[in-house]
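In what follows, a single structure is set out as structure tokens and then discussed.
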Amino acid sequence: REREHKQGEWERKKQTPIRRGTISVGIDATDLFDRYEEEYEDVSGSGFPQIEINKMHISQSIEAPLTTTDTAILSGSLSTQNGNGGGSINFALRRVTSAKGWGELRTGCHPGPLSVCPPSFVTTNCALQFSSRGIRPGLTTVLARNLDKNTVGYLQWRWGIQSAMNTSIVRDTKTSHFTVALQLGIPHSFALISYQHKFQDDDQTRVKGSLKAGFFGTVVEYGAERKISRHSVLGAAVSVGVPQGVSLKVKLNRASQTYFFPIHLTDQLLPSAVFYATVGPLVVYFALHRLVIKPYLRAQKEKELEKQRESTATDILQKKQEAEAAVRLMQESVRRIIEAEESRMGLIIVNAWYGKFVNDKSKKSEKVKVIDVTVPLQCLVKDSKLILTEASKAGLPGFYDPCVGEEKNLKVLYQFRGVLHQVMALDNEALRIPKQSHRIDTDG
């Protein structure tokens with residue numbers, strides 16, 4: 001039976017290969033800010049700025065498991081820049097040797113990395129580059145070590161193709177990502193420091209900034225990214241540097257696909273270019289979010305809720321009938337509890353409602369979906385106390401869910417020692433009454 005289960009799992013994996021892809025489109029928009037004064041009036045179209053696509057890159061890869069330890073990888077890429085293009089196609093076989101390592105063999109004499117488990121690991125990559133000038137060998141070795149729970153140090157050495165020595169420290173926590181790096185090499189030597197803050201919100205908003213300085217110049221980059229739907233993340237970054245100028249980079253991650261659009265605005269440090277590159281994407285995003293994204297997501301949520309309500313309509317009706325029957329059986333017990341509580345001026349539930357409350361004036365058209373749970377709550381009172389644990393109230397005797405899939409609250413108006421109290425609690429929130437903080441102030 002265990003063998004059949006493993007065989008079934010293997011068949012499912014075999015039928016679902018992993019696909020990854022990246023599309024990058026470079027746009028030259030320097031004519032918007034650095035227009036060259038035309039000396040000839042007969043040049044056609046000279047009144048409009050020329051925006052060109054100067055580079056494009058497309059890559060795609062497919063990983064297909066062959067056995068429980070072997071995976072075949074087929075990848076290819078096409079790129080073009082300023083009229084010159086190229087492409088490549090690769091085939092690789094990857095084998096998991098143990099829980100601590102794996103190896104990869106690529107066609108064209110490109111053996112992949114071999115790594116071992118933390119706290120330290122080493123990655124080595126060898127390459128041969130064929131060109132009209134001959135064959136150029138290359139070797140890259142990376143040594144990494146976990147410095148603490150959230151910090152990793154890297155030491156990288158490249159020989160042959162763009163020889164360099166690089167050291168970096170990366171600290172990644174729940175709320176931030178920090179990197180500092182130093183590289184000495186040919187043709188580029190630089191120092192880098194970057195920081196990214198991760199907001200703990202539903203949209204997974206991230207704000208980042210970096211400073212990179214070296215022999216090639218200095219570049220300051222800042223930007224943000226945010227989740228706009230369940231499977232899509234939109235990001236934008238502004239790059240300001242000398243001598244690179246000003247660029248705007250827009251990136252969209254959709255499931256396993258990445259779409260990248262670097263837009264070169266100007267070769268000079270123009271304040272107008274920096275301003276429009278910063279403010280323009282923000283204005284476009286907030287306009288699209290309010291006019292397109294938010295209404296679309298709201299409509300999708302309503303559609304899903306409607307489907308969920310239709311599929312559970314029979315179950316809700318059954319739960320409602322069971323709750324009403326339970327309330328009828330509680331009547332005698334509740335009468336005795338109320339008599340006992342009144343005799344000692346204890347806890348009396350005046351009114352209790354459970355479900356979806358609508359208080360916002362902008363939601364007047366939205367239907368209130370609540371049920372009366374006064375009797376079930378009074379039945380749970382013991383020795384002038386009512387204690388509810390951190391769990392959905394829909395599972396309590398005499399309760400049922402009047403609005404499946406929507407946010408619910410429990411509102412209680414009760415009397416204790418002859419004084420009115422009121423409290424509103426979330427569906428999964430623990431509740432303990434009576435409390436002095438629930439007391440209704442009747443002064444004035």
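Residue numbering restarts at 1 in every chain; chains get A, B, ... in the order shown in the structure tokens, and ligands count up from 1 in that same order.
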(message) Excluding range 148-153 of chain A and its own-chain neighbours fewer than 5 positions away, which residues fall within 12 Å of it when counting only C-alpha atoms? Please give them as a PyMOL selection string.
(response) chain A and resi 118-122+142-143+166-182
Would you save the residues from that selection as a PDB file, in the first residue's frame, using N, CA and C atoms?
ATOM      1  N   PRO A 118      23.889  23.990   5.289  1.00  0.00           N
ATOM      2  CA  PRO A 118      24.356  24.969   6.259  1.00  0.00           C
ATOM      3  C   PRO A 118      24.773  24.248   7.538  1.00  0.00           C
ATOM      4  N   PRO A 119      25.575  24.900   8.432  1.00  0.00           N
ATOM      5  CA  PRO A 119      25.837  26.339   8.458  1.00  0.00           C
ATOM      6  C   PRO A 119      26.844  26.847   7.434  1.00  0.00           C
ATOM      7  N   SER A 120      27.556  25.990   6.753  1.00  0.00           N
ATOM      8  CA  SER A 120      28.492  26.432   5.710  1.00  0.00           C
ATOM      9  C   SER A 120      28.232  25.627   4.444  1.00  0.00           C
ATOM     10  N   PHE A 121      28.441  26.263   3.296  1.00  0.00           N
ATOM     11  CA  PHE A 121      28.333  25.516   2.058  1.00  0.00           C
ATOM     12  C   PHE A 121      29.216  26.182   1.006  1.00  0.00           C
ATOM     13  N   VAL A 122      29.583  25.384   0.010  1.00  0.00           N
ATOM     14  CA  VAL A 122      30.454  25.841  -1.070  1.00  0.00           C
ATOM     15  C   VAL A 122      29.773  25.542  -2.398  1.00  0.00           C
ATOM     16  N   VAL A 142      31.897  30.074  -4.591  1.00  0.00           N
ATOM     17  CA  VAL A 142      31.236  30.841  -3.540  1.00  0.00           C
ATOM     18  C   VAL A 142      31.313  30.051  -2.241  1.00  0.00           C
ATOM     19  N   LEU A 143      31.829  30.702  -1.208  1.00  0.00           N
ATOM     20  CA  LEU A 143      31.857  30.130   0.139  1.00  0.00           C
ATOM     21  C   LEU A 143      30.903  30.935   1.006  1.00  0.00           C
ATOM     22  N   ASN A 166      34.571  39.101  -4.381  1.00  0.00           N
ATOM     23  CA  ASN A 166      33.422  39.781  -3.802  1.00  0.00           C
ATOM     24  C   ASN A 166      33.114  39.199  -2.437  1.00  0.00           C
ATOM     25  N   THR A 167      32.842  40.077  -1.475  1.00  0.00           N
ATOM     26  CA  THR A 167      32.409  39.642  -0.153  1.00  0.00           C
ATOM     27  C   THR A 167      31.154  40.407   0.225  1.00  0.00           C
ATOM     28  N   SER A 168      30.199  39.741   0.829  1.00  0.00           N
ATOM     29  CA  SER A 168      28.931  40.381   1.176  1.00  0.00           C
ATOM     30  C   SER A 168      28.351  39.748   2.423  1.00  0.00           C
ATOM     31  N   ILE A 169      27.542  40.532   3.118  1.00  0.00           N
ATOM     32  CA  ILE A 169      26.810  40.079   4.297  1.00  0.00           C
ATOM     33  C   ILE A 169      25.334  40.400   4.067  1.00  0.00           C
ATOM     34  N   VAL A 170      24.487  39.402   4.222  1.00  0.00           N
ATOM     35  CA  VAL A 170      23.055  39.554   3.988  1.00  0.00           C
ATOM     36  C   VAL A 170      22.309  39.189   5.269  1.00  0.00           C
ATOM     37  N   ARG A 171      21.482  40.113   5.736  1.00  0.00           N
ATOM     38  CA  ARG A 171      20.648  39.864   6.922  1.00  0.00           C
ATOM     39  C   ARG A 171      19.179  39.968   6.514  1.00  0.00           C
ATOM     40  N   ASP A 172      18.451  38.882   6.712  1.00  0.00           N
ATOM     41  CA  ASP A 172      17.054  38.811   6.297  1.00  0.00           C
ATOM     42  C   ASP A 172      16.190  38.445   7.499  1.00  0.00           C
ATOM     43  N   THR A 173      15.267  39.336   7.876  1.00  0.00           N
ATOM     44  CA  THR A 173      14.352  39.081   8.978  1.00  0.00           C
ATOM     45  C   THR A 173      12.918  39.192   8.473  1.00  0.00           C
ATOM     46  N   LYS A 174      11.980  39.068   9.391  1.00  0.00           N
ATOM     47  CA  LYS A 174      10.570  39.125   9.020  1.00  0.00           C
ATOM     48  C   LYS A 174      10.171  40.502   8.522  1.00  0.00           C
ATOM     49  N   THR A 175      10.843  41.544   9.010  1.00  0.00           N
ATOM     50  CA  THR A 175      10.449  42.918   8.668  1.00  0.00           C
ATOM     51  C   THR A 175      11.474  43.666   7.826  1.00  0.00           C
ATOM     52  N   SER A 176      12.651  43.088   7.582  1.00  0.00           N
ATOM     53  CA  SER A 176      13.672  43.836   6.844  1.00  0.00           C
ATOM     54  C   SER A 176      14.628  42.902   6.116  1.00  0.00           C
ATOM     55  N   HIS A 177      15.338  43.486   5.130  1.00  0.00           N
ATOM     56  CA  HIS A 177      16.376  42.772   4.381  1.00  0.00           C
ATOM     57  C   HIS A 177      17.520  43.762   4.154  1.00  0.00           C
ATOM     58  N   PHE A 178      18.698  43.426   4.674  1.00  0.00           N
ATOM     59  CA  PHE A 178      19.841  44.344   4.620  1.00  0.00           C
ATOM     60  C   PHE A 178      21.017  43.644   3.959  1.00  0.00           C
ATOM     61  N   THR A 179      21.702  44.374   3.037  1.00  0.00           N
ATOM     62  CA  THR A 179      22.855  43.816   2.325  1.00  0.00           C
ATOM     63  C   THR A 179      23.972  44.840   2.275  1.00  0.00           C
ATOM     64  N   VAL A 180      25.180  44.393   2.563  1.00  0.00           N
ATOM     65  CA  VAL A 180      26.369  45.222   2.370  1.00  0.00           C
ATOM     66  C   VAL A 180      27.389  44.366   1.629  1.00  0.00           C
ATOM     67  N   ALA A 181      28.000  44.929   0.561  1.00  0.00           N
ATOM     68  CA  ALA A 181      28.900  44.144  -0.289  1.00  0.00           C
ATOM     69  C   ALA A 181      30.071  45.002  -0.752  1.00  0.00           C
ATOM     70  N   LEU A 182      31.201  44.335  -0.993  1.00  0.00           N
ATOM     71  CA  LEU A 182      32.399  44.989  -1.508  1.00  0.00           C
ATOM     72  C   LEU A 182      33.015  44.079  -2.554  1.00  0.00           C
TER      73      LEU A 182
END
(message) Taking only C-alpha atoms into account, name the residue in A:Ile337, A:Val419, A:Ala326, A:Met424 that is nearest to Lys382 in chain A.
(response)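 Once distances to Lys382 in chain A are computed over only C-alpha atoms, the minimum belongs to A:Ile337.
Excluding Leu93 in chain A itself and same-chain residues fewer than 5 positions from it, the residues having an atom within 8 Å of it are Asp70, Thr71, Ala72, Ile73, Glu104, Leu105 and Arg106 of chain A, counting only C-alpha atoms.
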(message) For a quick check of understanding, using only C-alpha atoms, which of A:Ile349, A:Leu396, A:Ile316, A:Val250 has the smallest distance to Tyr285 in chain A?
(response) A:Val250
(message) Env of Glu429 in chain A: 12 Å cut, atoms = only C-alpha atoms, seq-sep filter 3 positions within chain, self excluded. Answer as a list in words.
(response)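 Near neighbours after the sequence-gap exclusion: Ile387, Leu388, Thr389, Glu390, Ala391, Ser392, Lys393, Lys408, Asn409, Leu410, Val423, Met424, Ala425, Leu426 and Arg432 of chain A.
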(request) Find the residues near Pro271 in chain A: any atom within 10 Å, counting only C-alpha atoms, skip ones fewer than 5 places away on the same chain, and give them as a PyMOL selection string. (result) chain A and resi 246+276-277
With N, CA and C atoms retained, could you export that selection as a CSV table (one decimal), in the first residue's frame?
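Generated output (selection28.csv):
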chain,number,residue,atom,x,y,z
A,246,VAL,N,19.0,58.8,-15.4
A,246,VAL,CA,17.8,58.5,-14.7
A,246,VAL,C,17.1,57.4,-15.5
A,276,TYR,N,9.3,63.1,-12.3
A,276,TYR,CA,8.2,62.4,-13.0
A,276,TYR,C,8.4,60.9,-12.9
A,277,ALA,N,9.7,60.4,-12.8
A,277,ALA,CA,9.9,59.0,-12.5
A,277,ALA,C,9.4,58.5,-11.2
(request) Would you please work out which residue, of A:Arg328, A:His438, A:Arg95, A:Arg298, is nearest to Pro376 in chain A when using only C-alpha atoms? (result) A:Arg328
(request) Can you list, as an MDAnalysis selection string, all residues belonging to range 244-325 of chain A that DSSP tags as helix (DSSP H, G or I)? (result) chainID A and resid 271:311 313:325
